[in-house]
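**Q** Below you'll find the structure I mean.
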Amino acid sequence: MPKDWFEWHDLYQSDQRLQQRLEIVQEHIKTSLDNAPPGLIRIVSVCAGDGRDLLGVIPNHPRVHDIQARLVNLNPQLVERGRQAIATTGLSDQITFVNGDATYSNAYAGAVPADIVLVCGVFGNLPDEAELQRLIGNLKYLAKPDAFVLWTRSYADGIAYPEIVRKHFREANFEEIIYRLTATGDMGVGLHRYRGETAPHPLIKLYLSLQV
């Protein structure tokens, strides 16, 4: 496996599981945009990588001109690649890529509460279940009422980690809209809707683990 996240993202060119996961994530993004209320659609992406999930959908979606997106990632190479991709779409005034620590809530200041929140490729990097529960509980600082939240989690060591994720979403006042496995059967992709109220937006750490 690659030693850094920039190299890891190159696996999308060859890894069937990641390709399938990306396809499902993009389908969930389309569903979220199709069902967003009229007017401005705010999107935030936590640990956004190079933004290929959103950038593969937004430019061709009928609601494209309603969208304001904030993507946050710590790896400067991935951010630069994402910014270059945004520039080719002509949407640089609508999609902002921030090179910063996605664990801090202030990375999203001015972009939340959001209508769509992406936490894809994040949960598998948390050290334990308590951190997972902490992050899911803290999504109330990013999501407006009825916001869509997209997430991914793989099975590992015979453990059905996606089922643990689904449990904590239920406990945190999220309604499951869609849950799908990749054709390989070992990666889960979920779409939930937040049924609570947006919490005030203090400066907190959404979770403790740092991005690589």
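Quick note on naming: the chains in the structure tokens go A, B, ... in the order shown, residues restart at 1 in each chain, and ligands are numbered from 1 in order of appearance.
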Return as JSON lines the residues of stretch 87-108 of chain A lying at most 12 Å from stretch 52-57 of chain A, together with the closest atom-to-atom pair for each and the distance in Å to one decimal, counting only C-alpha atoms, with rows in chain order and ascending residue number.
**A**
{"residue": "A:Ala87", "atom": "CA", "partner": "A:Leu55", "partner_atom": "CA", "distance": 10.8}
{"residue": "A:Thr88", "atom": "CA", "partner": "A:Leu55", "partner_atom": "CA", "distance": 10.3}
{"residue": "A:Thr89", "atom": "CA", "partner": "A:Leu55", "partner_atom": "CA", "distance": 8.5}
{"residue": "A:Gly90", "atom": "CA", "partner": "A:Leu55", "partner_atom": "CA", "distance": 11.5}
{"residue": "A:Leu91", "atom": "CA", "partner": "A:Leu55", "partner_atom": "CA", "distance": 9.9}
{"residue": "A:Ser92", "atom": "CA", "partner": "A:Leu55", "partner_atom": "CA", "distance": 11.5}
{"residue": "A:Gln94", "atom": "CA", "partner": "A:Leu55", "partner_atom": "CA", "distance": 11.7}
{"residue": "A:Ile95", "atom": "CA", "partner": "A:Leu55", "partner_atom": "CA", "distance": 9.2}
{"residue": "A:Thr96", "atom": "CA", "partner": "A:Leu55", "partner_atom": "CA", "distance": 11.6}
{"residue": "A:Phe97", "atom": "CA", "partner": "A:Leu55", "partner_atom": "CA", "distance": 11.5}
**Q** For A:Gly39, please output as a PyMOL selection string all residues within 10 Å (counting only C-alpha atoms; exclusion window: fewer than 3 positions along the same chain).
**A** chain A and resi 36+42+63+65-67
**Q** Deliver the residues from the most recent selection as a file, using N, CA and C atoms, as a compact mmCIF listing (two decimals), in the first residue's frame.
**A**
# COMPACT_ATOMS: atom_id res chain seq x y z
N ALA A 36 -32.51 18.31 -2.61
CA ALA A 36 -32.24 19.51 -1.82
C ALA A 36 -33.35 20.54 -2.05
N ARG A 42 -25.54 24.36 0.27
CA ARG A 42 -24.20 24.39 0.87
C ARG A 42 -23.71 22.95 1.06
N ARG A 63 -28.58 21.59 -10.72
CA ARG A 63 -28.55 22.58 -9.64
C ARG A 63 -27.17 23.21 -9.48
N HIS A 65 -25.64 25.82 -10.36
CA HIS A 65 -25.49 27.25 -10.05
C HIS A 65 -26.03 27.61 -8.67
N ASP A 66 -26.65 26.64 -7.98
CA ASP A 66 -27.13 26.86 -6.61
C ASP A 66 -26.10 26.44 -5.57
N ILE A 67 -25.00 25.85 -6.00
CA ILE A 67 -24.08 25.17 -5.08
C ILE A 67 -22.94 26.09 -4.63
**Q** Fewer than 6 positions away in the same chain doesn't count, so skip those; otherwise give me all residues within 12 Å of A:Ala183, counting only C-alpha atoms, as a list of chain:residue names.
**A**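 Counting only C-alpha atoms, the residues come to A:Gln16, A:Arg17, A:Leu18, A:Gln19, A:Gln20, A:Arg21, A:Glu23, A:Ile24, A:Val189.
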**Q** List every residue of stretch 119-162 of chain A that DSSP, applied to the backbone, labels as strand (DSSP E or B), and write the result as a PyMOL selection string.
**A** chain A and resi 119+143-154+156+159
**Q** Keeping only all heavy atoms, write those residues as a CSV table (one decimal), in the first residue's frame.
**A**
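Generated output (out34.csv):
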chain,number,residue,atom,x,y,z
A,119,VAL,N,-18.4,12.7,4.7
A,119,VAL,CA,-17.4,12.2,5.5
A,119,VAL,C,-17.0,10.8,5.0
A,119,VAL,O,-17.1,9.8,5.6
A,119,VAL,CB,-17.8,12.0,7.0
A,119,VAL,CG1,-17.8,13.3,7.7
A,119,VAL,CG2,-19.3,11.4,7.1
A,143,ALA,N,-24.2,20.2,10.1
A,143,ALA,CA,-25.4,19.9,9.3
A,143,ALA,C,-26.6,20.7,9.8
A,143,ALA,O,-26.9,20.9,11.0
A,143,ALA,CB,-25.7,18.4,9.4
A,144,LYS,N,-27.4,21.3,8.8
A,144,LYS,CA,-28.6,21.9,9.1
A,144,LYS,C,-29.7,20.8,9.3
A,144,LYS,O,-29.5,19.7,8.9
A,144,LYS,CB,-29.0,22.9,8.1
A,144,LYS,CG,-29.3,22.4,6.7
A,144,LYS,CD,-29.9,23.4,5.7
A,144,LYS,CE,-29.0,24.6,5.6
A,144,LYS,NZ,-29.5,25.6,4.6
A,145,PRO,N,-30.8,21.2,9.9
A,145,PRO,CA,-31.9,20.2,9.9
A,145,PRO,C,-32.3,19.6,8.5
A,145,PRO,O,-32.3,20.4,7.6
A,145,PRO,CB,-33.1,21.0,10.5
A,145,PRO,CG,-32.4,22.0,11.3
A,145,PRO,CD,-31.2,22.4,10.5
A,146,ASP,N,-32.4,18.3,8.4
A,146,ASP,CA,-32.7,17.6,7.2
A,146,ASP,C,-31.6,17.6,6.2
A,146,ASP,O,-31.7,17.2,5.0
A,146,ASP,CB,-34.0,18.2,6.5
A,146,ASP,CG,-35.2,18.1,7.3
A,146,ASP,OD1,-35.4,17.0,8.0
A,146,ASP,OD2,-36.1,19.0,7.3
A,147,ALA,N,-30.4,17.9,6.6
A,147,ALA,CA,-29.2,17.8,5.8
A,147,ALA,C,-28.9,16.3,5.5
A,147,ALA,O,-29.2,15.4,6.3
A,147,ALA,CB,-28.0,18.4,6.4
A,148,PHE,N,-28.3,16.1,4.3
A,148,PHE,CA,-27.9,14.8,3.9
A,148,PHE,C,-26.4,14.6,4.4
A,148,PHE,O,-25.6,15.5,4.2
A,148,PHE,CB,-27.9,14.6,2.4
A,148,PHE,CG,-29.3,14.6,1.9
A,148,PHE,CD1,-29.9,15.7,1.3
A,148,PHE,CD2,-30.1,13.4,1.9
A,148,PHE,CE1,-31.2,15.7,0.8
A,148,PHE,CE2,-31.4,13.3,1.4
A,148,PHE,CZ,-31.9,14.5,0.9
A,149,VAL,N,-26.1,13.4,4.9
A,149,VAL,CA,-24.7,13.1,5.2
A,149,VAL,C,-24.3,11.8,4.5
A,149,VAL,O,-25.0,10.8,4.6
A,149,VAL,CB,-24.6,12.9,6.8
A,149,VAL,CG1,-23.1,12.5,7.1
A,149,VAL,CG2,-24.9,14.2,7.5
A,150,LEU,N,-23.2,11.8,3.8
A,150,LEU,CA,-22.7,10.7,3.1
A,150,LEU,C,-21.5,10.1,3.8
A,150,LEU,O,-20.6,10.9,4.2
A,150,LEU,CB,-22.4,11.0,1.6
A,150,LEU,CG,-23.5,11.4,0.6
A,150,LEU,CD1,-24.0,12.8,0.9
A,150,LEU,CD2,-23.0,11.2,-0.8
A,151,TRP,N,-21.3,8.8,3.8
A,151,TRP,CA,-20.2,8.2,4.5
A,151,TRP,C,-19.8,6.9,3.9
A,151,TRP,O,-20.6,6.3,3.2
A,151,TRP,CB,-20.5,8.0,6.0
A,151,TRP,CG,-21.7,7.1,6.3
A,151,TRP,CD1,-23.0,7.5,6.4
A,151,TRP,CD2,-21.7,5.7,6.4
A,151,TRP,NE1,-23.8,6.4,6.6
A,151,TRP,CE2,-23.0,5.3,6.6
A,151,TRP,CE3,-20.7,4.7,6.4
A,151,TRP,CZ2,-23.4,4.0,6.8
A,151,TRP,CZ3,-21.0,3.4,6.6
A,151,TRP,CH2,-22.4,3.0,6.8
A,152,THR,N,-18.6,6.5,4.2
A,152,THR,CA,-18.1,5.2,3.7
A,152,THR,C,-17.4,4.5,4.8
A,152,THR,O,-16.8,5.1,5.7
A,152,THR,CB,-17.1,5.3,2.5
A,152,THR,OG1,-16.0,6.1,2.9
A,152,THR,CG2,-17.8,6.1,1.3
A,153,ARG,N,-17.4,3.2,4.8
A,153,ARG,CA,-16.6,2.4,5.7
A,153,ARG,C,-16.5,0.9,5.2
A,153,ARG,O,-17.5,0.4,4.7
A,153,ARG,CB,-17.3,2.3,7.1
A,153,ARG,CG,-16.5,1.6,8.2
A,153,ARG,CD,-15.2,2.2,8.5
A,153,ARG,NE,-14.6,1.7,9.7
A,153,ARG,CZ,-13.5,0.9,9.6
A,153,ARG,NH1,-13.1,0.4,8.5
A,153,ARG,NH2,-13.0,0.5,10.8
A,154,SER,N,-15.3,0.4,5.3
A,154,SER,CA,-15.1,-1.0,4.8
A,154,SER,C,-15.2,-2.0,5.9
A,154,SER,O,-15.0,-1.7,7.1
A,154,SER,CB,-13.7,-1.0,4.1
A,154,SER,OG,-12.7,-0.7,5.1
A,156,ALA,N,-13.3,-5.2,7.7
A,156,ALA,CA,-11.9,-5.5,7.9
A,156,ALA,C,-11.8,-6.5,9.0
A,156,ALA,O,-12.6,-6.5,10.0
A,156,ALA,CB,-11.1,-4.2,8.3
A,159,ILE,N,-14.8,-8.1,10.6
A,159,ILE,CA,-15.7,-7.2,11.4
A,159,ILE,C,-16.6,-6.3,10.5
A,159,ILE,O,-16.0,-5.7,9.6
A,159,ILE,CB,-14.9,-6.3,12.4
A,159,ILE,CG1,-14.1,-7.2,13.3
A,159,ILE,CG2,-15.9,-5.4,13.2
A,159,ILE,CD1,-13.1,-6.4,14.2
**Q** Which one of A:Pro202, A:Gly190, A:Gly137, A:Pro59 sits closest to A:Glu171 if you count only C-alpha atoms?
**A** A:Gly137
**Q** Out of A:Tyr194, A:Ile116, A:Ala69, A:Asn106, which residue has the shortest atom-to-atom distance to A:Asp93 when counting only C-alpha atoms?
**A** A:Ala69
**Q** Identify, on the basis of only C-alpha atoms, every residue whose closest approach to A:Gly82 does not exceed 8 Å; exclude the query and any residue fewer than 4 positions from it along the same chain; express the result as a PyMOL selection string.
**A** chain A and resi 49-52+78+86+97
**Q** Measuring atom to atom with only C-alpha atoms, identify which of A:Arg166, A:His61, A:Lys140, A:Arg180 is nearest to A:Thr198.
**A**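 The closest residue to A:Thr198 is A:Lys140.
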**Q** When you draw a straight line from atom CA of A:Ala199 to atom CA of A:Tyr179, how long is it in Å?
**A**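 Interatomic distance here is 25.9 Å.
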**Q** For a quick check of understanding, using only C-alpha atoms, which of A:Asn60, A:Asn73, A:Thr184, A:Ser105 has the smallest distance to A:Gly121?
**A**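 Distance minimum relative to A:Gly121 lands on A:Asn73.
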**Q** Hey, can you check how far atom CA of A:Leu118 sits from atom CA of A:Val44?
**A**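 One can read the atom CA of A:Leu118 to atom CA of A:Val44 distance as 6.3 Å.
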**Q** Using DSSP assignments from the backbone, pull out every residue in stretch 4-196 of chain A that falls under helix (DSSP H, G or I) and give it to me as an MDAnalysis selection string.
**A** chainID A and resid 5:13 16:34 52:55 58:60 64:66 76:89 105:108 123:125 129:141 161:171
**Q** Point out the residue among A:Ile136, A:Tyr155, A:Val46, A:Leu142 with the least atom-to-atom distance to A:Gly185, counting only C-alpha atoms.
**A**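 Among the listed residues, the smallest separation from A:Gly185 belongs to A:Tyr155.
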**Q** List the neighbours of A:Phe174 out to 6 Å using only C-alpha atoms; skip same-chain residues closer than 2 positions along the sequence, and give me the result as a PDB file with all heavy atoms, in the first residue's frame.
**A**
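After the write, selection.pdb holds the following:
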ATOM      1  N   PHE A 169     -25.111   6.324  13.865  1.00  0.00           N
ATOM      2  CA  PHE A 169     -25.943   7.325  13.191  1.00  0.00           C
ATOM      3  C   PHE A 169     -27.367   7.301  13.737  1.00  0.00           C
ATOM      4  O   PHE A 169     -27.967   8.358  13.974  1.00  0.00           O
ATOM      5  CB  PHE A 169     -25.941   7.099  11.671  1.00  0.00           C
ATOM      6  CG  PHE A 169     -24.883   7.869  10.941  1.00  0.00           C
ATOM      7  CD1 PHE A 169     -23.779   7.228  10.386  1.00  0.00           C
ATOM      8  CD2 PHE A 169     -24.985   9.246  10.790  1.00  0.00           C
ATOM      9  CE1 PHE A 169     -22.804   7.939   9.707  1.00  0.00           C
ATOM     10  CE2 PHE A 169     -24.019   9.973  10.117  1.00  0.00           C
ATOM     11  CZ  PHE A 169     -22.923   9.309   9.572  1.00  0.00           C
ATOM     12  N   ARG A 170     -27.918   6.124  13.939  1.00  0.00           N
ATOM     13  CA  ARG A 170     -29.272   6.038  14.510  1.00  0.00           C
ATOM     14  C   ARG A 170     -29.319   6.704  15.874  1.00  0.00           C
ATOM     15  O   ARG A 170     -30.268   7.447  16.184  1.00  0.00           O
ATOM     16  CB  ARG A 170     -29.695   4.571  14.631  1.00  0.00           C
ATOM     17  CG  ARG A 170     -30.013   3.888  13.313  1.00  0.00           C
ATOM     18  CD  ARG A 170     -30.726   2.565  13.547  1.00  0.00           C
ATOM     19  NE  ARG A 170     -29.915   1.616  14.308  1.00  0.00           N
ATOM     20  CZ  ARG A 170     -29.096   0.725  13.750  1.00  0.00           C
ATOM     21  NH1 ARG A 170     -28.982   0.662  12.429  1.00  0.00           N
ATOM     22  NH2 ARG A 170     -28.423  -0.124  14.519  1.00  0.00           N
ATOM     23  N   ALA A 172     -27.561   9.065  16.981  1.00  0.00           N
ATOM     24  CA  ALA A 172     -27.279  10.503  16.912  1.00  0.00           C
ATOM     25  C   ALA A 172     -28.367  11.271  16.165  1.00  0.00           C
ATOM     26  O   ALA A 172     -28.143  12.408  15.744  1.00  0.00           O
ATOM     27  CB  ALA A 172     -25.918  10.737  16.272  1.00  0.00           C
ATOM     28  N   HIS A 192     -27.491   9.311   4.999  1.00  0.00           N
ATOM     29  CA  HIS A 192     -28.396   9.575   6.118  1.00  0.00           C
ATOM     30  C   HIS A 192     -28.917  11.005   6.043  1.00  0.00           C
ATOM     31  O   HIS A 192     -28.369  11.850   5.331  1.00  0.00           O
ATOM     32  CB  HIS A 192     -27.675   9.371   7.451  1.00  0.00           C
ATOM     33  CG  HIS A 192     -27.596   7.949   7.884  1.00  0.00           C
ATOM     34  ND1 HIS A 192     -26.801   7.023   7.248  1.00  0.00           N
ATOM     35  CD2 HIS A 192     -28.218   7.286   8.897  1.00  0.00           C
ATOM     36  CE1 HIS A 192     -26.927   5.839   7.857  1.00  0.00           C
ATOM     37  NE2 HIS A 192     -27.788   5.979   8.851  1.00  0.00           N
ATOM     38  N   ARG A 193     -29.974  11.258   6.794  1.00  0.00           N
ATOM     39  CA  ARG A 193     -30.534  12.605   6.878  1.00  0.00           C
ATOM     40  C   ARG A 193     -30.633  13.002   8.349  1.00  0.00           C
ATOM     41  O   ARG A 193     -31.134  12.226   9.178  1.00  0.00           O
ATOM     42  CB  ARG A 193     -31.906  12.666   6.212  1.00  0.00           C
ATOM     43  CG  ARG A 193     -32.272  14.067   5.751  1.00  0.00           C
ATOM     44  CD  ARG A 193     -33.302  14.053   4.649  1.00  0.00           C
ATOM     45  NE  ARG A 193     -33.353  15.361   4.004  1.00  0.00           N
ATOM     46  CZ  ARG A 193     -34.178  15.680   3.021  1.00  0.00           C
ATOM     47  NH1 ARG A 193     -35.023  14.766   2.544  1.00  0.00           N
ATOM     48  NH2 ARG A 193     -34.155  16.890   2.491  1.00  0.00           N
ATOM     49  N   TYR A 194     -30.140  14.192   8.656  1.00  0.00           N
ATOM     50  CA  TYR A 194     -30.112  14.656  10.036  1.00  0.00           C
ATOM     51  C   TYR A 194     -31.488  15.159  10.445  1.00  0.00           C
ATOM     52  O   TYR A 194     -32.040  16.070   9.813  1.00  0.00           O
ATOM     53  CB  TYR A 194     -29.079  15.772  10.194  1.00  0.00           C
ATOM     54  CG  TYR A 194     -28.939  16.278  11.606  1.00  0.00           C
ATOM     55  CD1 TYR A 194     -28.798  15.393  12.660  1.00  0.00           C
ATOM     56  CD2 TYR A 194     -28.925  17.640  11.886  1.00  0.00           C
ATOM     57  CE1 TYR A 194     -28.661  15.861  13.964  1.00  0.00           C
ATOM     58  CE2 TYR A 194     -28.787  18.112  13.174  1.00  0.00           C
ATOM     59  CZ  TYR A 194     -28.659  17.213  14.212  1.00  0.00           C
ATOM     60  OH  TYR A 194     -28.525  17.678  15.497  1.00  0.00           O
ATOM     61  N   ARG A 195     -32.035  14.577  11.499  1.00  0.00           N
ATOM     62  CA  ARG A 195     -33.377  14.933  11.957  1.00  0.00           C
ATOM     63  C   ARG A 195     -33.365  15.749  13.250  1.00  0.00           C
ATOM     64  O   ARG A 195     -34.400  15.947  13.868  1.00  0.00           O
ATOM     65  CB  ARG A 195     -34.203  13.653  12.159  1.00  0.00           C
ATOM     66  CG  ARG A 195     -34.446  12.867  10.874  1.00  0.00           C
ATOM     67  CD  ARG A 195     -35.040  13.715   9.771  1.00  0.00           C
ATOM     68  NE  ARG A 195     -35.465  12.910   8.617  1.00  0.00           N
ATOM     69  CZ  ARG A 195     -35.903  13.423   7.471  1.00  0.00           C
ATOM     70  NH1 ARG A 195     -35.927  14.751   7.310  1.00  0.00           N
ATOM     71  NH2 ARG A 195     -36.283  12.642   6.480  1.00  0.00           N
TER      72      ARG A 195
END
**Q** My list of candidates is A:Pro62, A:Pro127, A:Gly100, A:Gly188. Which is closest to A:Tyr161 when distances are computed with only C-alpha atoms?
**A**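 For A:Tyr161, the nearest of the given residues is A:Gly188.
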